[in-house]
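Structure below is final-v5.tsv: TSV, C-alpha atoms and all ligand atoms.
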chain	number	residue	atom	x	y	z
N	78	MET	CA	20.79	9.17	6.36
N	79	ASP	CA	18.96	12.27	5.11
N	80	LEU	CA	16.51	11.07	2.46
N	81	GLY	CA	16.51	14.49	0.77
N	82	ILE	CA	12.73	14.92	0.63
N	83	ARG	CA	12.16	17.53	3.36
N	84	GLY	CA	9.39	19.94	2.31
N	85	ARG	CA	8.01	17.62	-0.37
N	86	ASN	CA	4.26	16.91	-0.49
N	87	ALA	CA	2.82	13.40	-0.40
N	88	ILE	CA	-0.57	11.85	-0.89
N	89	VAL	CA	-0.90	8.64	1.11
N	90	CYS	CA	-4.06	6.65	0.41
N	91	ALA	CA	-5.75	4.36	2.93
N	92	ALA	CA	-3.56	5.72	5.69
N	93	SER	CA	-5.46	5.75	8.98
N	94	ARG	CA	-4.19	2.31	10.02
N	95	GLY	CA	-1.71	-0.41	9.17
N	96	LEU	CA	0.77	-0.14	6.31
N	97	GLY	CA	-0.57	3.13	4.86
N	98	LYS	CA	-0.31	4.87	8.22
N	99	ALA	CA	3.22	3.55	8.69
N	100	CYS	CA	4.22	4.97	5.27
N	101	ALA	CA	2.69	8.34	6.17
N	102	LEU	CA	4.58	8.41	9.48
N	103	SER	CA	7.93	7.43	7.95
N	104	LEU	CA	7.58	10.09	5.23
N	105	ALA	CA	6.51	12.69	7.80
N	106	ARG	CA	9.60	11.89	9.89
N	107	GLU	CA	11.62	12.86	6.80
N	108	GLY	CA	9.89	16.25	6.74
N	109	VAL	CA	7.35	15.44	4.02
N	110	ASN	CA	3.93	17.15	4.30
N	111	ILE	CA	1.18	14.55	4.21
N	112	THR	CA	-2.31	14.48	2.75
N	113	MET	CA	-3.91	11.26	3.93
N	114	MET	CA	-7.19	9.53	3.19
N	115	ALA	CA	-9.37	6.84	4.75
N	116	ARG	CA	-13.11	6.40	5.04
N	117	THR	CA	-13.64	6.51	8.81
N	118	LYS	CA	-13.26	10.18	9.74
N	119	GLU	CA	-12.57	9.90	13.47
N	120	VAL	CA	-9.89	7.22	13.06
N	121	LEU	CA	-8.29	9.17	10.20
N	122	GLU	CA	-8.25	12.42	12.16
N	123	ALA	CA	-6.74	10.69	15.20
N	124	ALA	CA	-3.98	9.21	12.99
N	125	ALA	CA	-3.35	12.60	11.36
N	126	LYS	CA	-3.03	14.26	14.77
N	127	GLU	CA	-0.66	11.54	15.96
N	128	ILE	CA	1.61	12.06	12.92
N	129	ARG	CA	1.41	15.87	13.17
N	130	ASP	CA	2.26	15.81	16.89
N	131	ALA	CA	5.13	13.36	16.35
N	132	THR	CA	6.77	15.15	13.42
N	133	GLY	CA	5.59	18.77	13.16
N	134	VAL	CA	4.90	18.52	9.42
N	135	ARG	CA	1.67	19.71	7.80
N	136	VAL	CA	-0.80	16.82	7.83
N	137	THR	CA	-4.15	17.13	6.04
N	138	ALA	CA	-6.82	14.50	6.61
N	139	VAL	CA	-9.33	13.94	3.82
N	140	ALA	CA	-12.10	11.53	4.79
N	141	GLY	CA	-13.32	9.58	1.78
N	142	ASP	CA	-13.26	6.46	-0.30
N	143	VAL	CA	-10.31	6.24	-2.69
N	144	THR	CA	-12.25	3.88	-4.96
N	145	THR	CA	-14.75	6.64	-5.82
N	146	GLU	CA	-14.44	9.56	-8.23
N	147	ALA	CA	-15.52	11.93	-5.43
N	148	GLY	CA	-12.96	10.54	-3.00
N	149	ARG	CA	-10.10	10.93	-5.45
N	150	ALA	CA	-11.25	14.44	-6.43
N	151	ALA	CA	-11.26	15.50	-2.77
N	152	LEU	CA	-7.79	14.07	-2.28
N	153	LEU	CA	-6.42	15.90	-5.33
N	154	ALA	CA	-8.17	19.14	-4.33
N	155	ALA	CA	-6.36	18.98	-0.97
N	156	CYS	CA	-2.99	18.20	-2.60
N	157	PRO	CA	-3.08	19.20	-6.28
N	158	ALA	CA	0.65	18.87	-6.96
N	159	PRO	CA	2.02	15.91	-5.01
N	160	ASP	CA	5.69	14.95	-5.30
N	161	ILE	CA	4.96	11.54	-3.79
N	162	LEU	CA	1.94	9.28	-4.24
N	163	VAL	CA	1.46	6.18	-2.12
N	164	ASN	CA	-1.38	4.10	-3.56
N	165	ASN	CA	-3.17	1.84	-1.13
N	166	ALA	CA	-6.67	0.55	-0.35
N	167	GLY	CA	-8.24	-2.22	1.65
N	168	GLY	CA	-7.62	-5.72	0.40
N	169	PRO	CA	-10.45	-7.78	-1.10
N	170	PRO	CA	-12.07	-10.55	0.95
N	171	PRO	CA	-10.91	-14.18	0.80
N	172	GLY	CA	-13.12	-16.87	-0.70
N	173	ASP	CA	-13.72	-19.28	-3.56
N	174	PHE	CA	-13.87	-17.89	-7.09
N	175	ARG	CA	-17.16	-19.73	-7.68
N	176	GLU	CA	-18.82	-17.31	-5.25
N	177	TRP	CA	-17.59	-14.15	-7.02
N	178	ASP	CA	-19.84	-12.48	-9.57
N	179	ARG	CA	-19.01	-9.55	-11.85
N	180	ASP	CA	-19.75	-6.93	-9.17
N	181	THR	CA	-17.36	-8.61	-6.75
N	182	TRP	CA	-14.60	-8.54	-9.34
N	183	VAL	CA	-15.30	-4.91	-10.28
N	184	LYS	CA	-15.06	-3.91	-6.61
N	185	ALA	CA	-11.67	-5.62	-6.26
N	186	LEU	CA	-10.40	-4.10	-9.50
N	187	ASP	CA	-11.62	-0.64	-8.45
N	188	ALA	CA	-9.72	-0.79	-5.16
N	189	ASN	CA	-6.54	-2.59	-6.12
N	190	MET	CA	-6.01	-1.70	-9.77
N	191	ILE	CA	-8.14	1.10	-11.21
N	192	ALA	CA	-7.99	3.65	-8.34
N	193	PRO	CA	-4.15	3.55	-8.29
N	194	ILE	CA	-4.00	3.88	-12.09
N	195	LEU	CA	-6.39	6.87	-12.08
N	196	LEU	CA	-4.40	8.60	-9.33
N	197	ILE	CA	-1.18	8.00	-11.28
N	198	ARG	CA	-2.88	9.44	-14.37
N	199	ALA	CA	-3.94	12.55	-12.42
N	200	THR	CA	-0.51	13.24	-10.90
N	201	VAL	CA	2.28	11.87	-13.08
N	202	ASP	CA	2.41	14.63	-15.70
N	203	GLY	CA	2.80	17.28	-12.99
N	204	MET	CA	5.63	15.24	-11.46
N	205	ILE	CA	7.28	15.01	-14.89
N	206	ALA	CA	6.96	18.78	-15.40
N	207	ARG	CA	8.53	19.43	-11.95
N	208	ARG	CA	11.22	16.77	-12.59
N	209	PHE	CA	10.61	14.90	-9.35
N	210	GLY	CA	8.10	12.19	-8.58
N	211	ARG	CA	7.88	9.00	-6.57
N	212	VAL	CA	4.92	6.66	-6.88
N	213	VAL	CA	4.70	3.65	-4.59
N	214	ASN	CA	1.92	1.10	-4.93
N	215	ILE	CA	1.26	-1.12	-1.94
N	216	THR	CA	0.41	-4.47	-3.53
N	217	SER	CA	1.04	-7.87	-1.96
N	218	SER	CA	3.43	-10.81	-1.86
N	219	ALA	CA	0.49	-12.56	-3.59
N	220	VAL	CA	1.69	-10.95	-6.83
N	221	LYS	CA	4.85	-13.05	-6.57
N	222	HIS	CA	3.34	-16.20	-5.10
N	223	PRO	CA	-0.46	-16.37	-5.17
N	224	ILE	CA	-2.49	-17.19	-2.07
N	225	ASP	CA	-5.30	-19.57	-3.09
N	226	ILE	CA	-8.10	-18.02	-1.01
N	227	LEU	CA	-7.15	-14.49	-2.12
N	228	GLY	CA	-7.90	-14.88	-5.84
N	229	LEU	CA	-9.41	-11.38	-6.06
N	230	SER	CA	-6.20	-9.91	-4.69
N	231	ASN	CA	-3.96	-12.14	-6.86
N	232	GLY	CA	-5.81	-11.03	-9.99
N	233	ALA	CA	-6.39	-7.31	-9.38
N	234	ARG	CA	-2.91	-6.56	-8.06
N	235	THR	CA	-1.18	-8.43	-10.85
N	236	GLY	CA	-3.15	-6.28	-13.32
N	237	LEU	CA	-1.81	-3.14	-11.64
N	238	THR	CA	1.69	-4.60	-11.64
N	239	GLY	CA	1.54	-5.26	-15.39
N	240	PHE	CA	0.37	-1.73	-16.13
N	241	VAL	CA	3.03	-0.14	-13.93
N	242	ALA	CA	5.78	-2.27	-15.51
N	243	GLY	CA	5.26	-0.45	-18.79
N	244	LEU	CA	4.72	3.08	-17.46
N	245	ALA	CA	7.62	3.04	-15.01
N	246	ARG	CA	10.09	2.86	-17.91
N	247	LYS	CA	8.53	5.92	-19.57
N	248	THR	CA	8.71	8.28	-16.57
N	249	VAL	CA	12.11	7.52	-15.06
N	250	SER	CA	14.10	9.76	-17.44
N	251	HIS	CA	12.17	12.66	-15.86
N	252	ASN	CA	13.17	11.57	-12.34
N	253	VAL	CA	9.70	10.13	-11.77
N	254	THR	CA	9.83	6.56	-10.51
N	255	ILE	CA	7.04	4.05	-10.01
N	256	ASN	CA	7.56	1.00	-7.83
N	257	ASN	CA	5.52	-1.62	-6.01
N	258	LEU	CA	6.05	-2.82	-2.46
N	259	LEU	CA	4.88	-6.39	-1.83
N	260	PRO	CA	4.09	-7.01	1.83
N	261	GLY	CA	4.12	-10.49	3.28
N	262	PRO	CA	2.51	-10.95	6.70
N	263	PHE	CA	2.47	-7.67	8.66
N	264	ASP	CA	0.88	-7.25	12.04
N	265	THR	CA	-2.10	-5.05	11.11
N	266	ASP	CA	-5.88	-5.15	11.55
N	267	ARG	CA	-6.14	-6.72	8.09
N	268	LEU	CA	-3.86	-9.62	9.08
N	269	ARG	CA	-5.66	-10.11	12.38
N	270	SER	CA	-9.04	-10.36	10.65
N	271	THR	CA	-7.65	-12.85	8.10
N	272	ILE	CA	-6.28	-14.93	10.99
N	273	ALA	CA	-9.65	-14.88	12.76
N	274	ILE	CA	-11.27	-16.25	9.57
N	275	GLN	CA	-8.56	-18.92	9.21
N	276	ALA	CA	-9.07	-19.96	12.84
N	277	LYS	CA	-12.82	-20.23	12.38
N	278	THR	CA	-12.68	-22.20	9.14
N	279	SER	CA	-9.95	-24.60	10.33
N	280	GLY	CA	-11.31	-25.17	13.85
N	281	ARG	CA	-8.10	-23.90	15.47
N	282	THR	CA	-7.66	-21.12	18.02
N	283	VAL	CA	-6.32	-17.73	16.94
N	284	GLU	CA	-3.16	-18.45	18.99
N	285	GLU	CA	-2.61	-21.72	17.10
N	286	VAL	CA	-2.98	-20.02	13.73
N	287	VAL	CA	-0.57	-17.24	14.78
N	288	ARG	CA	1.97	-19.83	15.98
N	289	ASP	CA	1.73	-21.78	12.70
N	290	ARG	CA	2.02	-18.60	10.62
N	291	HIS	CA	5.08	-17.48	12.60
N	292	ARG	CA	6.63	-20.91	11.96
N	293	ALA	CA	5.89	-20.57	8.23
N	294	THR	CA	7.80	-17.27	8.14
N	295	PRO	CA	11.61	-17.73	8.18
N	296	ALA	CA	11.90	-14.57	10.30
N	297	GLY	CA	9.76	-16.38	12.90
N	298	ARG	CA	7.42	-13.42	13.34
N	299	PHE	CA	5.12	-11.02	11.54
N	300	GLY	CA	6.50	-7.80	10.11
N	301	ASP	CA	6.17	-4.56	12.04
N	302	PRO	CA	4.35	-1.91	9.90
N	303	ALA	CA	7.14	0.54	10.83
N	304	GLU	CA	9.59	-1.65	8.88
N	305	PHE	CA	7.35	-1.32	5.85
N	306	GLY	CA	7.06	2.46	6.27
N	307	GLU	CA	10.83	2.87	6.30
N	308	LEU	CA	11.22	0.94	3.03
N	309	CYS	CA	8.53	3.13	1.49
N	310	ALA	CA	10.33	6.30	2.62
N	311	PHE	CA	13.59	5.12	1.07
N	312	VAL	CA	11.94	4.26	-2.26
N	313	CYS	CA	10.45	7.80	-2.17
N	314	SER	CA	13.80	9.38	-1.34
N	315	ALA	CA	15.94	11.65	-3.49
N	316	HIS	CA	18.49	8.81	-3.62
N	317	ALA	CA	16.12	6.38	-5.34
N	318	GLY	CA	15.86	8.01	-8.77
N	319	PHE	CA	17.51	5.00	-10.49
N	320	ILE	CA	14.98	2.53	-9.05
N	321	THR	CA	11.85	2.12	-11.14
N	322	GLY	CA	9.51	-0.67	-12.17
N	323	GLY	CA	10.63	-2.61	-9.12
N	324	ASN	CA	8.61	-5.13	-7.13
N	325	PHE	CA	10.08	-5.27	-3.65
N	326	LEU	CA	9.10	-8.17	-1.45
N	327	ILE	CA	9.22	-7.46	2.26
N	328	ASP	CA	8.13	-10.74	3.80
N	329	GLY	CA	10.65	-12.03	6.34
N	330	GLY	CA	11.96	-14.59	3.84
N	331	THR	CA	8.60	-16.27	3.21
N	332	TYR	CA	8.91	-16.38	-0.58
N	333	PRO	CA	10.78	-19.64	-1.20
N	334	GLY	CA	12.45	-18.87	-4.56
N	335	THR	CA	15.99	-17.77	-5.39
N	336	LEU	CA	14.79	-14.85	-7.54
N	401	LIG	P1	-5.59	-2.41	7.39
N	401	LIG	O1	-4.82	-2.51	8.63
N	401	LIG	O2	-6.93	-3.08	7.31
N	401	LIG	O3	-5.75	-0.85	7.03
N	401	LIG	C1	-6.43	-0.50	5.88
N	401	LIG	C2	-6.47	1.02	5.77
N	401	LIG	O4	-7.05	1.36	4.53
N	401	LIG	C3	-7.32	1.69	6.82
N	401	LIG	O5	-6.78	2.95	7.12
N	401	LIG	C4	-8.67	1.84	6.12
N	401	LIG	O6	-9.47	2.83	6.73
N	401	LIG	C5	-8.18	2.22	4.73
N	401	LIG	N1	-9.09	1.95	3.61
N	401	LIG	C6	-9.61	0.74	3.27
N	401	LIG	N2	-10.37	0.86	2.18
N	401	LIG	C7	-10.33	2.17	1.81
N	401	LIG	C8	-10.92	2.90	0.77
N	401	LIG	N3	-11.72	2.33	-0.12
N	401	LIG	N4	-10.66	4.24	0.67
N	401	LIG	C9	-9.86	4.83	1.57
N	401	LIG	N5	-9.27	4.17	2.59
N	401	LIG	C10	-9.51	2.86	2.71
N	401	LIG	O7	-4.79	-3.02	6.14
N	401	LIG	P2	-3.21	-3.24	5.95
N	401	LIG	O8	-2.83	-4.54	6.57
N	401	LIG	O9	-2.48	-2.01	6.32
N	401	LIG	O10	-3.16	-3.51	4.38
N	401	LIG	C11	-2.98	-2.48	3.43
N	401	LIG	C12	-3.00	-3.14	2.06
N	401	LIG	O11	-1.93	-4.10	1.98
N	401	LIG	C13	-4.29	-3.92	1.80
N	401	LIG	O12	-4.65	-3.81	0.45
N	401	LIG	C14	-3.89	-5.34	2.12
N	401	LIG	O13	-4.68	-6.30	1.46
N	401	LIG	C15	-2.45	-5.37	1.65
N	401	LIG	N6	-1.67	-6.42	2.28
N	401	LIG	C16	-1.53	-6.48	3.62
N	401	LIG	C17	-0.79	-7.51	4.18
N	401	LIG	C18	-0.62	-7.63	5.69
N	401	LIG	O14	-0.10	-8.62	6.15
N	401	LIG	N7	-1.01	-6.68	6.48
N	401	LIG	C19	-0.19	-8.48	3.37
N	401	LIG	C20	-0.34	-8.39	1.99
N	401	LIG	C21	-1.09	-7.35	1.45
N	401	LIG	P3	-11.08	2.84	6.55
N	401	LIG	O15	-11.53	1.44	6.69
N	401	LIG	O16	-11.56	3.77	7.59
N	401	LIG	O17	-11.31	3.39	5.17

Represent the structure from my file as structure tokens, please.
Amino acid sequence: MDLGIRGRNAIVCAASRGLGKACALSLAREGVNITMMARTKEVLEAAAKEIRDATGVRVTAVAGDVTTEAGRAALLAACPAPDILVNNAGGPPPGDFREWDRDTWVKALDANMIAPILLIRATVDGMIARRFGRVVNITSSAVKHPIDILGLSNGARTGLTGFVAGLARKTVSHNVTINNLLPGPFDTDRLRSTIAIQAKTSGRTVEEVVRDRHRATPAGRFGDPAEFGELCAFVCSAHAGFITGGNFLIDGGTYPGTL
């Protein structure tokens, strides 16, 4: 299936590893030029080269922190008129809410709510003027069913989801859609570090935690980031102009509800 986005330009945030990188690769395979950001320059440049070599599209690596004004300005200077924006950042740490002060909350909100909103603000009017735009926010299955130790993530991402729910209905008549993808457990560095913490705090081995988590997932395994990237590419496709304000779980059946 040709997704109809060859030659489009995409900004993909937090894209040197994991889900962001998978989205960048899937879009690049569809012929989309990529401007990608992450903080660690060498890892980012290696990922950019990998995607460039695999697909032949133009890939621009912008090293920086998407939660900062300077980082976002550098990203927008490298790609001033994106057709596609994939919002992503690192997830906040687990813990008990009694340990989190105002600064901890502001950090989580900056990464998982405010940075995406500011990037949408900077790009959406141009998309409307050009009559094509696709915004995808990588959030979390925690928006649908909260994870107790990830209260910072539950709170910040649900704030973004509420904001997007209103805006997505205002842009769609201009062929600009805004949707959220809600990953369950995907085999990335982030998941592996969460598992290491779970193993340590519960006195189990990493292998035992992985086995239990596989059992708790109806699919019997973790998701492959490539599966996530392909969903992102479809939601960004020319065929997806009637899909907006959506929250798409991709979690191997983990969410237990009917709806
Ligand atoms: P990951 O493997 O840890 O990769 C995170 C990526 O984001 C890296 O490229 C990292 O590079 C970059 N990054 C982090 N903070 C950044 C910042 N402030 N500015 C720019 N780049 C930044 O994480 P992932 O598993 O792909 O997760 C992506 C998002 O999905 C996270 O918010 C995570 O919480 C959420 N999520 C993941 C899962 C899962 O199972 N994997 C499930 C639910 C939700 P640098 O560190 O070099 O900047």

*Return as a VMD selection string the residues of protein, DNA or RNA that approach ligand LIG 401 (chain N) to within 8 Å, with only C-alpha atoms and all ligand atoms taken into account.*
chain N and resid 90 to 98 114 to 118 120 to 121 140 to 145 148 165 to 169 188 to 189 215 to 219 230 259 to 268 299 to 300 302

*Pick the closest to N:Arg288 from N:Pro223, N:Phe311, N:Arg234, N:Ala276: which is it, counting all atoms listed in the file?*
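Of N:Pro223, N:Phe311, N:Arg234, N:Ala276, the one nearest N:Arg288 is N:Ala276, counting all atoms listed in the file.
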
_Gap from atom CA of N:His291 to atom CA of N:Arg269 - Å, one decimal_ = 13.0 Å

_Atomic separation - atom CA of N:Ala87 relative to atom CA of N:Ile161, Å_ =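 Computing it gives 4.4 Å between the two atoms.
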
Residues at most 12 Å from N:Gly239, counting all atoms listed in the file, excluding those fewer than 6 positions away in the same chain, as a short mmCIF file (atom, residue, chain, number, x, y, z; two decimals) with C-alpha atoms, in the coordinates of the input?
data_model
loop_
_atom_site.label_atom_id
_atom_site.label_comp_id
_atom_site.auth_asym_id
_atom_site.auth_seq_id
_atom_site.Cartn_x
_atom_site.Cartn_y
_atom_site.Cartn_z
CA MET N 190 -6.01 -1.70 -9.77
CA ILE N 194 -4.00 3.88 -12.09
CA THR N 216 0.41 -4.47 -3.53
CA VAL N 220 1.69 -10.95 -6.83
CA GLY N 232 -5.81 -11.03 -9.99
CA ALA N 233 -6.39 -7.31 -9.38
CA ALA N 245 7.62 3.04 -15.01
CA ASN N 256 7.56 1.00 -7.83
CA ASN N 257 5.52 -1.62 -6.01
CA GLY N 322 9.51 -0.67 -12.17
CA GLY N 323 10.63 -2.61 -9.12
CA ASN N 324 8.61 -5.13 -7.13
#

_Test item: residues at most 12 Å from N:Asn110, only C-alpha atoms, excluding those fewer than 6 positions along its chain, as a list in words_ = Ile82, Arg83, Gly84, Arg85, Asn86, Ala87, Ile88, Val89, Ala101, Leu102, Ser103, Leu104, Ala125, Ile128, Arg129, Thr132, Gly133, Val134, Arg135, Val136, Thr137, Ala138, Ala155, Cys156, Ala158, Pro159, Asp160, Ile161 and Leu162 of chain N

*With a distance cut-off of 6 Å and all atoms listed in the file, select the neighbouring residues of N:Gly306, excluding the residue or stretch itself and same-chain residues fewer than 3 positions from it, and output the selection as a ChimeraX atom specification.*
/N:99-100,103,303,309

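The smallest atom-to-atom distance between N:Asp225 and any of N:Pro171, N:Ile255, N:Asp178, N:Ala206, using all atoms listed in the file, is found for N:Pro171.
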
*Quick one: pull the distance between atom CA of N:Phe174 and atom CA of N:Glu284, Å, one decimal.*
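Spanning atom CA of N:Phe174 to atom CA of N:Glu284 is a straight-line distance of 28.2 Å.
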
*Would you mind telling me which residue in N:Ala296, N:Ile197, N:Leu237, N:Cys313 lies nearest to N:Phe209 when using all atoms listed in the file?*
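Of all the options, N:Cys313 lies closest to N:Phe209.
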
*asked:* Measuring between all atoms listed in the file, which one of N:Ala123, N:Val287, N:Ile320, N:Leu244 shows the shortest distance to N:Asp202?
replied: N:Leu244

Box dimensions and centre (Å, one decimal) enclosing stretch 281-287 of chain N, axis-aligned, 4 Å extra per side, as JSON:
{"center_x": -4.3, "center_y": -20.6, "center_z": 16.4, "size_x": 15.5, "size_y": 14.7, "size_z": 13.3}

Could you please fill out stretch 300-319 of chain N with N, CA and C atoms and send it back as a CSV table (one decimal), keeping the file's coordinate frame?
chain,number,residue,atom,x,y,z
N,300,GLY,N,5.8,-9.1,10.3
N,300,GLY,CA,6.5,-7.8,10.1
N,300,GLY,C,5.8,-6.7,10.9
N,301,ASP,N,6.7,-5.7,11.3
N,301,ASP,CA,6.2,-4.6,12.0
N,301,ASP,C,5.9,-3.5,11.0
N,302,PRO,N,4.7,-2.9,10.9
N,302,PRO,CA,4.4,-1.9,9.9
N,302,PRO,C,5.4,-0.8,9.8
N,303,ALA,N,6.1,-0.5,10.9
N,303,ALA,CA,7.1,0.5,10.8
N,303,ALA,C,8.3,0.1,9.9
N,304,GLU,N,8.5,-1.2,9.8
N,304,GLU,CA,9.6,-1.6,8.9
N,304,GLU,C,9.2,-1.4,7.4
N,305,PHE,N,7.9,-1.6,7.2
N,305,PHE,CA,7.4,-1.3,5.8
N,305,PHE,C,7.4,0.2,5.5
N,306,GLY,N,7.1,1.0,6.5
N,306,GLY,CA,7.1,2.5,6.3
N,306,GLY,C,8.4,3.0,5.9
N,307,GLU,N,9.5,2.4,6.6
N,307,GLU,CA,10.8,2.9,6.3
N,307,GLU,C,11.3,2.5,4.9
N,308,LEU,N,10.9,1.3,4.4
N,308,LEU,CA,11.2,0.9,3.0
N,308,LEU,C,10.5,1.9,2.1
N,309,CYS,N,9.3,2.2,2.3
N,309,CYS,CA,8.5,3.1,1.5
N,309,CYS,C,9.3,4.5,1.4
N,310,ALA,N,9.7,5.0,2.6
N,310,ALA,CA,10.3,6.3,2.6
N,310,ALA,C,11.6,6.3,1.8
N,311,PHE,N,12.4,5.2,1.9
N,311,PHE,CA,13.6,5.1,1.1
N,311,PHE,C,13.3,5.1,-0.4
N,312,VAL,N,12.3,4.3,-0.8
N,312,VAL,CA,11.9,4.3,-2.3
N,312,VAL,C,11.4,5.6,-2.7
N,313,CYS,N,10.9,6.4,-1.8
N,313,CYS,CA,10.4,7.8,-2.2
N,313,CYS,C,11.6,8.8,-2.0
N,314,SER,N,12.7,8.4,-1.7
N,314,SER,CA,13.8,9.4,-1.3
N,314,SER,C,14.4,10.0,-2.6
N,315,ALA,N,15.2,11.0,-2.4
N,315,ALA,CA,15.9,11.6,-3.5
N,315,ALA,C,17.0,10.7,-4.0
N,316,HIS,N,17.4,9.7,-3.2
N,316,HIS,CA,18.5,8.8,-3.6
N,316,HIS,C,18.0,7.7,-4.5
N,317,ALA,N,16.7,7.6,-4.7
N,317,ALA,CA,16.1,6.4,-5.3
N,317,ALA,C,15.7,6.6,-6.8
N,318,GLY,N,16.3,7.6,-7.4
N,318,GLY,CA,15.9,8.0,-8.8
N,318,GLY,C,16.2,7.0,-9.8
N,319,PHE,N,17.1,6.0,-9.5
N,319,PHE,CA,17.5,5.0,-10.5
N,319,PHE,C,16.7,3.7,-10.3
